[in-house]
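Novice: Sharing my_file_4.cif here; it has mmCIF, C-alpha atoms and all ligand atoms.
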data_final
#
loop_
_atom_site.label_atom_id
_atom_site.label_comp_id
_atom_site.auth_asym_id
_atom_site.auth_seq_id
_atom_site.Cartn_x
_atom_site.Cartn_y
_atom_site.Cartn_z
CA MET U 254 -37.63 -5.10 11.25
CA VAL U 255 -38.46 -8.31 13.07
CA ALA U 256 -39.54 -6.45 16.21
CA SER U 257 -41.88 -4.32 14.08
CA ALA U 258 -43.39 -7.44 12.57
CA LEU U 259 -43.89 -9.03 15.98
CA GLU U 260 -45.45 -5.82 17.30
CA ALA U 261 -47.78 -5.81 14.28
CA GLY U 262 -49.11 -9.20 15.35
CA TRP U 263 -47.01 -11.85 13.61
CA ALA U 264 -46.58 -15.00 15.70
CA GLY U 265 -42.89 -15.34 15.01
CA VAL U 266 -40.09 -15.25 12.48
CA PHE U 267 -37.99 -17.62 10.42
CA TYR U 268 -35.04 -15.24 10.28
CA LYS U 269 -32.92 -14.66 7.13
CA THR U 270 -30.51 -17.60 6.65
CA ILE U 271 -27.21 -17.27 8.52
CA CYS U 272 -23.97 -18.80 7.17
CA LEU U 273 -20.22 -18.55 7.66
CA GLN U 274 -19.40 -17.56 4.06
CA ASP U 275 -18.74 -14.14 2.57
CA ILE U 276 -21.96 -13.56 0.65
CA GLN U 277 -21.67 -10.33 -1.44
CA GLU U 278 -25.09 -9.87 -3.01
CA VAL U 279 -25.64 -8.46 -6.53
CA SER U 280 -27.51 -5.39 -7.72
CA PRO U 281 -30.22 -5.51 -8.91
CA ARG U 282 -31.30 -8.75 -7.31
CA PHE U 283 -35.06 -8.84 -7.97
CA ASP U 284 -37.34 -9.06 -10.99
CA ALA U 285 -41.12 -9.43 -11.13
CA VAL U 286 -43.81 -10.68 -13.47
CA LYS U 287 -46.56 -8.12 -12.97
CA ARG U 288 -50.33 -8.16 -13.31
CA ALA U 289 -52.23 -5.32 -15.02
CA ASP U 290 -52.68 -3.61 -11.62
CA SER U 291 -48.86 -3.76 -11.18
CA SER U 292 -48.99 -6.22 -8.27
CA PHE U 293 -46.59 -9.16 -8.53
CA ALA U 294 -47.93 -12.36 -10.07
CA GLY U 295 -44.50 -13.84 -9.47
CA PHE U 296 -41.23 -12.57 -8.07
CA ARG U 297 -37.70 -13.69 -8.95
CA ASN U 298 -34.78 -13.10 -6.61
CA MET U 299 -31.04 -13.66 -6.89
CA GLU U 300 -30.42 -13.11 -3.20
CA GLN U 301 -28.43 -15.60 -1.16
CA LEU U 302 -28.04 -15.38 2.60
CA SER U 303 -27.53 -12.80 5.34
CA GLU U 304 -24.57 -10.51 4.75
CA ASN U 305 -24.37 -9.60 8.43
CA PRO U 306 -21.52 -10.87 10.59
CA VAL U 307 -22.70 -14.17 12.10
CA GLU U 308 -22.32 -12.90 15.67
CA MET U 309 -24.52 -9.92 14.86
CA ASP U 310 -27.36 -12.09 13.53
CA PHE U 311 -27.29 -14.41 16.53
CA ASP U 312 -27.17 -11.41 18.85
CA ILE U 313 -30.28 -10.03 17.12
CA LEU U 314 -32.01 -13.38 17.57
CA ARG U 315 -30.97 -13.51 21.24
CA ARG U 316 -32.43 -10.06 21.87
CA LEU U 317 -35.61 -10.86 19.95
CA LYS U 318 -36.25 -13.94 22.10
CA GLN U 319 -35.49 -11.97 25.27
CA ASN U 320 -37.79 -9.12 24.30
CA TYR U 321 -40.57 -11.29 22.85
CA PRO U 322 -40.51 -14.51 24.90
CA SER U 323 -43.97 -15.58 23.76
CA LYS U 324 -43.11 -15.26 20.05
CA ILE U 325 -41.53 -18.08 18.03
CA ILE U 326 -38.01 -17.20 16.92
CA VAL U 327 -36.43 -19.61 14.43
CA ALA U 328 -32.86 -19.35 13.16
CA SER U 329 -32.39 -20.45 9.56
CA ILE U 330 -28.85 -21.71 8.96
CA MET U 331 -26.78 -23.06 6.07
CA GLY U 332 -23.39 -24.73 6.25
CA GLN U 333 -21.08 -26.08 3.58
CA THR U 334 -19.52 -28.82 5.69
CA GLU U 335 -20.58 -31.00 8.60
CA GLU U 336 -18.54 -28.83 10.98
CA GLN U 337 -20.23 -25.63 9.78
CA TRP U 338 -23.75 -27.05 10.15
CA ILE U 339 -22.95 -28.13 13.70
CA GLU U 340 -21.25 -24.86 14.62
CA LEU U 341 -24.17 -22.76 13.35
CA ALA U 342 -26.78 -24.97 15.00
CA LYS U 343 -24.98 -24.71 18.35
CA MET U 344 -24.73 -20.93 18.01
CA ALA U 345 -28.47 -20.82 17.30
CA GLU U 346 -29.24 -22.89 20.37
CA GLU U 347 -26.96 -20.75 22.53
CA ALA U 348 -28.79 -17.66 21.27
CA GLY U 349 -31.96 -19.10 22.81
CA VAL U 350 -34.04 -19.53 19.66
CA ASP U 351 -37.02 -21.89 19.64
CA ALA U 352 -35.93 -23.97 16.65
CA VAL U 353 -33.43 -24.15 13.84
CA GLU U 354 -34.40 -24.34 10.18
CA LEU U 355 -31.88 -26.00 7.83
CA ASN U 356 -31.76 -24.22 4.48
CA PHE U 357 -31.35 -27.14 2.06
CA SER U 358 -33.06 -25.19 -0.65
CA CYS U 359 -31.72 -21.80 -1.82
CA PRO U 360 -31.40 -22.37 -5.60
CA GLN U 361 -28.86 -19.64 -6.41
CA MET U 362 -25.89 -20.22 -4.15
CA ARG U 363 -22.56 -19.04 -5.57
CA LEU U 364 -20.70 -21.83 -3.77
CA ALA U 365 -21.13 -25.52 -4.58
CA GLY U 366 -22.50 -27.99 -2.05
CA MET U 367 -24.82 -25.45 -0.46
CA GLY U 368 -28.58 -24.73 -0.60
CA SER U 369 -30.52 -26.75 -3.14
CA ASP U 370 -27.40 -28.80 -3.94
CA VAL U 371 -28.07 -30.38 -0.55
CA GLY U 372 -31.85 -30.55 -0.91
CA GLN U 373 -31.52 -32.44 -4.20
CA ASN U 374 -29.32 -35.11 -2.64
CA PRO U 375 -31.07 -37.46 -0.18
CA GLU U 376 -27.79 -38.64 1.38
CA LEU U 377 -26.73 -35.08 2.19
CA VAL U 378 -30.20 -34.34 3.59
CA THR U 379 -29.84 -37.36 5.88
CA PHE U 380 -26.29 -36.55 6.97
CA TYR U 381 -26.74 -32.85 7.69
CA THR U 382 -30.09 -33.36 9.42
CA ALA U 383 -28.61 -36.12 11.58
CA TYR U 384 -25.48 -34.08 12.43
CA VAL U 385 -27.57 -31.11 13.54
CA LYS U 386 -30.04 -33.29 15.43
CA ARG U 387 -27.18 -34.86 17.38
CA SER U 388 -25.70 -31.46 18.21
CA VAL U 389 -28.69 -29.54 19.61
CA ARG U 390 -31.81 -30.16 21.67
CA ILE U 391 -34.06 -27.58 19.99
CA PRO U 392 -36.37 -28.71 17.15
CA VAL U 393 -34.72 -29.10 13.74
CA ILE U 394 -36.73 -28.19 10.62
CA PRO U 395 -35.16 -28.84 7.20
CA LYS U 396 -36.48 -26.52 4.47
CA MET U 397 -37.02 -28.30 1.17
CA THR U 398 -36.44 -27.30 -2.43
CA PRO U 399 -39.25 -27.64 -4.99
CA ASN U 400 -36.63 -28.13 -7.72
CA VAL U 401 -37.16 -31.89 -7.64
CA ALA U 402 -39.77 -34.14 -9.27
CA SER U 403 -41.00 -35.42 -5.91
CA MET U 404 -40.29 -34.19 -2.39
CA THR U 405 -41.15 -37.47 -0.69
CA GLN U 406 -37.73 -39.13 -0.71
CA PHE U 407 -36.08 -35.96 0.61
CA ALA U 408 -38.70 -35.49 3.31
CA LEU U 409 -38.32 -39.15 4.26
CA SER U 410 -34.54 -38.75 4.46
CA ALA U 411 -35.01 -35.82 6.81
CA HIS U 412 -37.75 -37.57 8.79
CA PHE U 413 -35.72 -40.73 9.39
CA ALA U 414 -32.69 -38.62 10.32
CA GLY U 415 -34.79 -37.19 13.14
CA ALA U 416 -36.19 -33.93 11.72
CA ASP U 417 -38.96 -32.47 13.89
CA GLY U 418 -40.75 -30.95 10.93
CA ILE U 419 -40.35 -29.79 7.35
CA SER U 420 -40.63 -26.32 5.83
CA ALA U 421 -41.68 -26.13 2.18
CA ILE U 422 -41.24 -24.67 -0.30
CA ASN U 423 -38.24 -22.54 -1.08
CA THR U 424 -38.18 -20.78 -4.47
CA ILE U 425 -38.57 -22.45 -7.87
CA LYS U 426 -35.74 -22.15 -10.40
CA SER U 427 -36.88 -19.71 -13.05
CA VAL U 428 -35.92 -17.33 -15.83
CA THR U 429 -37.33 -13.85 -16.36
CA MET U 430 -35.81 -11.47 -18.88
CA GLY U 431 -35.15 -8.50 -16.60
CA ALA U 432 -32.64 -7.79 -13.81
CA ASP U 433 -29.33 -7.75 -15.68
CA VAL U 434 -26.23 -7.63 -13.50
CA ASN U 435 -23.81 -5.78 -15.77
CA GLY U 436 -25.32 -7.53 -18.80
CA LYS U 437 -25.34 -10.98 -17.21
CA ARG U 438 -28.20 -13.10 -15.93
CA ILE U 439 -28.72 -16.29 -13.96
CA VAL U 440 -31.44 -18.84 -13.34
CA SER U 441 -32.84 -18.05 -9.88
CA GLY U 442 -35.72 -18.51 -7.48
CA TYR U 443 -39.37 -17.69 -8.20
CA SER U 444 -41.87 -16.96 -5.43
CA GLY U 445 -45.16 -15.16 -4.78
CA SER U 446 -48.75 -15.96 -5.82
CA ALA U 447 -47.72 -17.85 -8.96
CA VAL U 448 -45.97 -20.57 -6.97
CA LYS U 449 -48.76 -21.29 -4.48
CA PRO U 450 -50.38 -24.18 -6.41
CA ILE U 451 -46.96 -25.80 -6.81
CA ALA U 452 -46.21 -25.36 -3.12
CA LEU U 453 -49.59 -26.88 -2.22
CA ARG U 454 -48.85 -29.88 -4.41
CA PHE U 455 -45.63 -30.57 -2.49
CA ILE U 456 -47.43 -30.10 0.84
CA LEU U 457 -50.12 -32.55 -0.27
CA GLU U 458 -47.46 -35.05 -1.30
CA MET U 459 -45.85 -34.98 2.15
CA ALA U 460 -48.93 -34.55 4.35
CA GLY U 461 -50.78 -37.31 2.53
CA ASN U 462 -47.91 -39.78 2.84
CA PRO U 463 -48.84 -42.65 5.19
CA ILE U 464 -45.16 -43.39 5.94
CA MET U 465 -44.83 -40.03 7.72
CA PRO U 466 -48.09 -39.76 9.69
CA GLY U 467 -48.37 -36.62 11.80
CA LEU U 468 -45.43 -34.98 10.01
CA GLN U 469 -45.21 -31.36 11.19
CA LEU U 470 -45.26 -29.04 8.19
CA SER U 471 -44.54 -25.33 7.92
CA GLY U 472 -46.11 -24.18 4.67
CA ILE U 473 -44.72 -21.39 2.54
CA GLY U 474 -45.06 -20.29 -1.07
CA GLY U 475 -47.37 -17.60 -2.40
CA ILE U 476 -49.31 -16.88 0.77
CA SER U 477 -50.66 -13.34 1.03
CA THR U 478 -54.24 -13.65 2.31
CA TRP U 479 -55.94 -15.58 5.10
CA HIS U 480 -57.49 -17.81 2.46
CA ASP U 481 -54.07 -18.71 1.06
CA ALA U 482 -52.97 -19.61 4.58
CA LEU U 483 -56.12 -21.70 5.08
CA ASP U 484 -55.35 -23.71 1.94
CA PHE U 485 -51.99 -24.74 3.41
CA ILE U 486 -53.52 -25.55 6.80
CA GLN U 487 -56.32 -27.63 5.29
CA LEU U 488 -53.68 -29.63 3.42
CA GLY U 489 -51.81 -30.45 6.61
CA CYS U 490 -49.60 -27.51 7.67
CA GLN U 491 -49.44 -26.70 11.38
CA ASN U 492 -48.13 -23.22 10.63
CA VAL U 493 -47.41 -21.00 7.64
CA GLN U 494 -44.74 -18.50 6.61
CA VAL U 495 -44.95 -15.46 4.36
CA CYS U 496 -42.10 -13.78 2.47
CA THR U 497 -42.90 -12.15 -0.90
CA ALA U 498 -46.29 -10.74 0.16
CA VAL U 499 -44.65 -8.92 3.08
CA MET U 500 -42.06 -7.51 0.67
CA GLN U 501 -44.94 -6.20 -1.48
CA TYR U 502 -47.44 -5.00 1.09
CA GLY U 503 -45.63 -4.78 4.42
CA TYR U 504 -46.31 -6.25 7.84
CA ARG U 505 -49.87 -4.85 7.91
CA ILE U 506 -51.19 -7.86 5.93
CA ILE U 507 -51.18 -9.71 9.25
CA ASP U 508 -54.45 -7.89 10.05
CA ASP U 509 -56.20 -9.55 7.11
CA LEU U 510 -54.59 -12.89 7.92
CA ILE U 511 -55.82 -12.80 11.53
CA ASP U 512 -59.24 -11.16 11.00
CA GLY U 513 -60.09 -13.26 7.96
CA MET U 514 -59.11 -16.47 9.70
CA GLN U 515 -61.05 -15.55 12.85
CA ASN U 516 -64.18 -14.74 10.82
CA TYR U 517 -63.82 -17.98 8.93
CA LEU U 518 -63.43 -20.01 12.13
CA ALA U 519 -66.50 -18.29 13.61
CA SER U 520 -68.51 -18.97 10.44
CA ARG U 521 -67.63 -22.67 10.75
CA GLY U 522 -68.21 -22.76 14.52
CA VAL U 523 -64.63 -23.96 15.03
CA SER U 524 -62.66 -22.62 18.00
CA ARG U 525 -59.21 -24.12 17.28
CA LEU U 526 -57.38 -23.49 14.02
CA GLY U 527 -55.60 -26.80 14.67
CA ASP U 528 -58.90 -28.60 14.08
CA LEU U 529 -58.66 -27.67 10.40
CA VAL U 530 -55.18 -29.10 9.85
CA GLY U 531 -55.34 -31.65 7.05
CA GLU U 532 -59.12 -31.60 6.70
CA ALA U 533 -58.89 -31.30 2.89
CA LEU U 534 -56.59 -34.29 2.50
CA PRO U 535 -59.37 -36.86 2.04
CA LEU U 536 -60.65 -34.91 -1.00
CA PHE U 537 -57.58 -35.87 -2.99
CA VAL U 538 -57.72 -39.13 -4.93
CA ARG U 539 -55.99 -40.73 -7.93
CA ALA U 540 -57.09 -39.71 -11.44
CA SER U 541 -58.60 -43.16 -11.88
CA GLU U 542 -60.96 -42.50 -8.98
CA LEU U 543 -62.67 -39.35 -10.37
CA ASP U 544 -66.33 -39.50 -11.45
CA ARG U 545 -66.33 -39.41 -15.27
CA THR U 546 -70.06 -40.00 -15.77
CA THR U 547 -71.57 -36.65 -14.77
CA VAL U 548 -71.35 -32.98 -15.81
CA VAL U 549 -71.88 -29.54 -14.24
CA TYR U 550 -73.10 -27.16 -16.98
CA PRO U 551 -72.64 -23.37 -17.08
CA VAL U 552 -75.74 -21.19 -16.63
CA ILE U 553 -75.71 -17.58 -17.86
CA ASN U 554 -77.23 -14.89 -15.64
CA ARG U 555 -78.89 -12.51 -18.14
CA GLU U 556 -79.33 -9.77 -15.54
CA THR U 557 -75.63 -9.27 -14.98
CA CYS U 558 -74.13 -10.40 -18.33
CA ILE U 559 -72.71 -7.37 -20.11
CA GLY U 560 -72.43 -9.12 -23.48
CA CYS U 561 -68.67 -8.71 -23.75
CA GLY U 562 -68.36 -11.96 -25.68
CA ARG U 563 -65.28 -13.21 -23.88
CA CYS U 564 -66.90 -16.53 -23.02
CA TYR U 565 -67.85 -16.92 -26.69
CA VAL U 566 -64.31 -16.22 -27.93
CA SER U 567 -62.68 -18.53 -25.41
CA CYS U 568 -65.11 -21.35 -26.06
CA ARG U 569 -64.81 -20.89 -29.84
CA ASP U 570 -61.00 -20.76 -29.96
CA GLY U 571 -59.96 -22.73 -26.91
CA GLY U 572 -62.94 -24.87 -26.00
CA HIS U 573 -65.71 -26.78 -27.72
CA GLN U 574 -67.52 -24.11 -29.81
CA ALA U 575 -70.47 -24.52 -27.45
CA ILE U 576 -71.40 -20.81 -27.14
CA THR U 577 -73.07 -18.74 -29.87
CA PHE U 578 -72.96 -14.95 -29.89
CA GLY U 579 -75.29 -13.34 -32.43
CA GLU U 580 -76.83 -9.96 -33.17
CA ASP U 581 -78.48 -9.78 -29.76
CA ARG U 582 -74.90 -9.59 -28.35
CA GLN U 583 -75.76 -12.26 -25.81
CA PRO U 584 -73.95 -15.58 -25.35
CA HIS U 585 -76.07 -18.71 -25.66
CA ILE U 586 -74.88 -22.13 -24.56
CA VAL U 587 -75.35 -24.96 -27.06
CA GLY U 588 -76.23 -27.84 -24.78
CA SER U 589 -75.41 -30.55 -27.29
CA LYS U 590 -71.81 -29.29 -27.60
CA CYS U 591 -71.04 -28.13 -24.04
CA VAL U 592 -68.81 -30.54 -22.11
CA GLY U 593 -69.00 -28.64 -18.82
CA CYS U 594 -65.29 -27.75 -18.79
CA HIS U 595 -65.94 -24.37 -17.04
CA LEU U 596 -63.60 -22.31 -19.23
CA CYS U 597 -66.41 -19.78 -19.77
CA TYR U 598 -67.15 -19.68 -16.03
CA LEU U 599 -63.51 -18.89 -15.29
CA ILE U 600 -63.19 -16.32 -18.11
CA CYS U 601 -66.32 -14.26 -17.38
CA PRO U 602 -65.17 -10.89 -16.00
CA THR U 603 -68.49 -10.12 -14.26
CA GLY U 604 -69.20 -13.45 -12.58
CA SER U 605 -72.33 -13.83 -14.72
CA ILE U 606 -71.85 -17.50 -15.43
CA GLY U 607 -73.10 -19.79 -12.70
CA LEU U 608 -73.20 -23.56 -12.52
CA SER U 609 -76.00 -26.11 -12.79
CA LYS U 610 -76.33 -29.02 -10.43
CA ARG U 611 -74.33 -32.11 -11.38
CA VAL U 612 -76.25 -34.23 -13.88
CA PRO U 613 -75.52 -37.43 -15.85
CA LYS U 614 -73.52 -36.90 -19.06
CA ARG U 615 -75.60 -36.82 -22.26
CA LYS U 616 -75.18 -40.01 -24.28
C1 LIG U 701 -35.79 -11.88 -1.52
C2 LIG U 701 -35.94 -13.26 -0.97
C3 LIG U 701 -34.99 -13.73 -0.08
C4 LIG U 701 -35.09 -15.02 0.45
N1 LIG U 701 -34.17 -15.47 1.34
C5 LIG U 701 -34.31 -16.69 1.92
C6 LIG U 701 -33.41 -17.12 2.92
O1 LIG U 701 -32.50 -16.42 3.32
N2 LIG U 701 -33.61 -18.35 3.44
C7 LIG U 701 -34.64 -19.17 3.05
O2 LIG U 701 -34.78 -20.28 3.56
N3 LIG U 701 -35.51 -18.77 2.10
C8 LIG U 701 -35.37 -17.54 1.54
N4 LIG U 701 -36.27 -17.12 0.60
C9 LIG U 701 -37.35 -18.02 0.21
C10 LIG U 701 -38.62 -17.71 0.99
O3 LIG U 701 -38.40 -17.87 2.38
C11 LIG U 701 -39.79 -18.60 0.56
O4 LIG U 701 -39.46 -19.95 0.79
C12 LIG U 701 -40.17 -18.44 -0.90
O5 LIG U 701 -39.95 -17.11 -1.32
C13 LIG U 701 -41.63 -18.79 -1.16
O6 LIG U 701 -42.49 -18.05 -0.30
P1 LIG U 701 -43.23 -16.67 -0.72
O7 LIG U 701 -43.97 -16.93 -2.00
O8 LIG U 701 -44.07 -16.32 0.45
O9 LIG U 701 -42.12 -15.69 -0.92
C14 LIG U 701 -36.17 -15.84 0.06
C15 LIG U 701 -37.12 -15.36 -0.84
C16 LIG U 701 -37.03 -14.08 -1.35
C17 LIG U 701 -38.07 -13.59 -2.31
#
Turn this file's structure into structure tokens for me.
Ligand SMILES: Cc1cc2nc3c(=O)[nH]c(=O)nc-3n(C[C@H](O)[C@H](O)[C@H](O)COP(=O)(O)O)c2cc1C
Specialist:
Amino acid sequence: MVASALEAGWAGVFYKTICLQDIQEVSPRFDAVKRADSSFAGFRNMEQLSENPVEMDFDILRRLKQNYPSKIIVASIMGQTEEQWIELAKMAEEAGVDAVELNFSCPQMRLAGMGSDVGQNPELVTFYTAYVKRSVRIPVIPKMTPNVASMTQFALSAHFAGADGISAINTIKSVTMGADVNGKRIVSGYSGSAVKPIALRFILEMAGNPIMPGLQLSGIGGISTWHDALDFIQLGCQNVQVCTAVMQYGYRIIDDLIDGMQNYLASRGVSRLGDLVGEALPLFVRASELDRTTVVYPVINRETCIGCGRCYVSCRDGGHQAITFGEDRQPHIVGSKCVGCHLCYLICPTGSIGLSKRVPKRK
């Protein structure tokens, strides 16, 4: 599988997490929240780690690095004790991989003291990162859990323990009502498009933190298109990972990721993707710093409006009753009531609501 992905054009792999425990996965192990077109809005999994014998996984990684020396091969590992973290990290290094990712973040481990149990405990993040750092020379990249209020203290713990970078995010603890395992269910990890804004928020929190300037970030969570990847890069990620979208659409999505990004770079006259890393960070300010004196009003395009009335219904029942919809079956904006919230703009199914230039608020 990994060789096929690399042949298809992927730059590298963060390989399925390797551990020393007996894993025994359940069936079924996935559930999805679907959109009308049956694509996944979000995806819930109950999977843990690789079920392969440890030696087999490291042998696969060894052969991948031998056969694809220019590709980046990262071993993801998870221990339960200091000794296990060190043993796995050393095996990874001996296999010749480029870096080791520390899985501090799987939220559905059967055994205590593993996965997100570690990522939710700053002392354990420090200890295990430091133990691994002392044991190997290759870069060490802890992978963080989003099942915390703030990622900063955990990222700082990893950073000060010598981590070379951070991967984020792993899956978000969630409940969906499908995927019974013999009539029983668990809380488990959510991924896919739905989690992207949450992943971006954690990336912003870390990349924008002045105590960790230049922190290397590997962004993951809901990426399926080149534009998704760009969002992570503009917020400070040096590279990105994709999981759920590959499970849905296959390795071929790399074509869109590469072509789209190349076209975008050409359109901006930028030759190095690295030049875009973090360029959106200055846009983010505190709520107290936003302009609260001006408005951008919606403008209806009569040529393309199909008179469906959805803007009217949304504004009437969920907005400011600032759209009328009479016998002409056309929406009309009531300027004195419109607050410029853009609910109608977002609801319109035909893109027939445009935006005015920013003007001072009416008194
Ligand atoms: C089926 C499945 C298995 C996963 N297994 C692992 C794993 O072994 N190690 C790990 O660090 N993350 C694992 N993850 C988490 C993903 O690597 C990723 O962090 C998360 O799904 C968010 O990215 P995405 O929206 O692109 O899937 C898994 C996710 C899924 C859906």
Novice: Pick the closest to Val493 of chain U from U:Arg505, U:Arg390, U:His573, U:His480: which is it, counting all atoms listed in the file?
Specialist: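 Smallest distance to Val493 of chain U is found for U:His480.
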Novice: List as a VMD selection string the protein and nucleic acid residues near Ile586 of chain U, meaning an atom at most 12 Å away when only C-alpha atoms are counted, but skip any in the same chain fewer than 3 places from it.
Specialist: chain U and resid 550 to 554 564 to 565 568 to 569 573 to 579 583 589 to 593 595 597 to 598 606
Novice: Report the distance between atom CA of Leu526 of chain U and atom CA of Trp479 of chain U in Å, rounded to one decimal place.
Specialist: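 Calculated distance between atom CA of Leu526 of chain U and atom CA of Trp479 of chain U is 12.0 Å.
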Novice: Quick one: residues within 10 Å of Lys396 of chain U, all atoms listed in the file, excluding same-chain residues fewer than 5 positions away - as a PyMOL selection string?
Specialist: chain U and resi 329+354-359+368-369+372+408+411+418-423+470-473
Novice: With C-alpha atoms retained, write the just-selected residues as a tab-separated table (two decimals), in the coordinates of the input.
Specialist:
chain	number	residue	atom	x	y	z
U	329	SER	CA	-32.39	-20.45	9.56
U	354	GLU	CA	-34.40	-24.34	10.18
U	355	LEU	CA	-31.88	-26.00	7.83
U	356	ASN	CA	-31.76	-24.22	4.48
U	357	PHE	CA	-31.35	-27.14	2.06
U	358	SER	CA	-33.06	-25.19	-0.65
U	359	CYS	CA	-31.72	-21.80	-1.82
U	368	GLY	CA	-28.58	-24.73	-0.60
U	369	SER	CA	-30.52	-26.75	-3.14
U	372	GLY	CA	-31.85	-30.55	-0.91
U	408	ALA	CA	-38.70	-35.49	3.31
U	411	ALA	CA	-35.01	-35.82	6.81
U	418	GLY	CA	-40.75	-30.95	10.93
U	419	ILE	CA	-40.35	-29.79	7.35
U	420	SER	CA	-40.63	-26.32	5.83
U	421	ALA	CA	-41.68	-26.13	2.18
U	422	ILE	CA	-41.24	-24.67	-0.30
U	423	ASN	CA	-38.24	-22.54	-1.08
U	470	LEU	CA	-45.26	-29.04	8.19
U	471	SER	CA	-44.54	-25.33	7.92
U	472	GLY	CA	-46.11	-24.18	4.67
U	473	ILE	CA	-44.72	-21.39	2.54
Novice: Enumerate, in order of chain and increasing residue number, the residues of chain U with an atom no farther than 9 Å from ligand LIG 701 (chain U), each with its shortest atom pair and distance in Å to one decimal, counting all atoms listed in the file, as a Markdown table.
Specialist:
| residue | atom | partner | partner_atom | distance |
| --- | --- | --- | --- | --- |
| U:Phe267 | CA | U:LIG701 | O2 | 8.0 |
| U:Tyr268 | CA | U:LIG701 | O1 | 7.5 |
| U:Lys269 | CA | U:LIG701 | O1 | 4.2 |
| U:Thr270 | CA | U:LIG701 | O1 | 4.1 |
| U:Ile271 | CA | U:LIG701 | O1 | 7.5 |
| U:Arg282 | CA | U:LIG701 | C1 | 8.0 |
| U:Phe283 | CA | U:LIG701 | C1 | 7.2 |
| U:Gly295 | CA | U:LIG701 | O7 | 8.1 |
| U:Phe296 | CA | U:LIG701 | C17 | 6.6 |
| U:Arg297 | CA | U:LIG701 | C17 | 6.7 |
| U:Asn298 | CA | U:LIG701 | C1 | 5.3 |
| U:Met299 | CA | U:LIG701 | C1 | 7.4 |
| U:Glu300 | CA | U:LIG701 | C3 | 5.6 |
| U:Gln301 | CA | U:LIG701 | O1 | 6.1 |
| U:Leu302 | CA | U:LIG701 | O1 | 4.6 |
| U:Ser303 | CA | U:LIG701 | O1 | 6.5 |
| U:Ser329 | CA | U:LIG701 | O2 | 6.5 |
| U:Ile330 | CA | U:LIG701 | N2 | 8.0 |
| U:Met331 | CA | U:LIG701 | N2 | 8.7 |
| U:Glu354 | CA | U:LIG701 | O2 | 7.8 |
| U:Leu355 | CA | U:LIG701 | O2 | 7.7 |
| U:Asn356 | CA | U:LIG701 | O2 | 5.0 |
| U:Phe357 | CA | U:LIG701 | O2 | 7.8 |
| U:Ser358 | CA | U:LIG701 | O2 | 6.7 |
| U:Cys359 | CA | U:LIG701 | N3 | 6.2 |
| U:Gly368 | CA | U:LIG701 | O2 | 8.7 |
| U:Lys396 | CA | U:LIG701 | O2 | 6.5 |
| U:Met397 | CA | U:LIG701 | O2 | 8.7 |
| U:Thr398 | CA | U:LIG701 | O4 | 8.6 |
| U:Ser420 | CA | U:LIG701 | O4 | 8.2 |
| U:Ala421 | CA | U:LIG701 | O4 | 6.7 |
| U:Ile422 | CA | U:LIG701 | O4 | 5.2 |
| U:Asn423 | CA | U:LIG701 | O4 | 3.4 |
| U:Thr424 | CA | U:LIG701 | C12 | 4.7 |
| U:Ile425 | CA | U:LIG701 | C12 | 8.2 |
| U:Gly442 | CA | U:LIG701 | C15 | 7.5 |
| U:Tyr443 | CA | U:LIG701 | O5 | 6.9 |
| U:Ser444 | CA | U:LIG701 | O7 | 4.0 |
| U:Gly445 | CA | U:LIG701 | O7 | 3.5 |
| U:Ser446 | CA | U:LIG701 | O7 | 6.2 |
| U:Ala447 | CA | U:LIG701 | O7 | 8.0 |
| U:Val448 | CA | U:LIG701 | O7 | 6.5 |
| U:Lys449 | CA | U:LIG701 | O7 | 6.9 |
| U:Ala452 | CA | U:LIG701 | C13 | 8.2 |
| U:Gly472 | CA | U:LIG701 | O6 | 8.7 |
| U:Ile473 | CA | U:LIG701 | O6 | 4.9 |
| U:Gly474 | CA | U:LIG701 | O6 | 3.5 |
| U:Gly475 | CA | U:LIG701 | O7 | 3.5 |
| U:Ile476 | CA | U:LIG701 | O8 | 5.3 |
| U:Ser477 | CA | U:LIG701 | O8 | 7.3 |
| U:Gln494 | CA | U:LIG701 | O8 | 6.6 |
| U:Val495 | CA | U:LIG701 | O8 | 4.1 |
| U:Cys496 | CA | U:LIG701 | O8 | 3.8 |
| U:Thr497 | CA | U:LIG701 | O9 | 3.6 |
| U:Ala498 | CA | U:LIG701 | O8 | 6.0 |
| U:Val499 | CA | U:LIG701 | O8 | 7.9 |
| U:Met500 | CA | U:LIG701 | C17 | 7.9 |
Novice: Taking all atoms listed in the file into account, which of U:Val393, U:Leu510, U:Ile325, U:Met344 comes nearest Asp312 of chain U?
Specialist: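 Nearest to Asp312 of chain U: U:Met344.
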Novice: What does the structure give for the distance between atom CA of Val428 of chain U and atom CA of Gln501 of chain U, in Å to one decimal?
Specialist: 20.3 Å
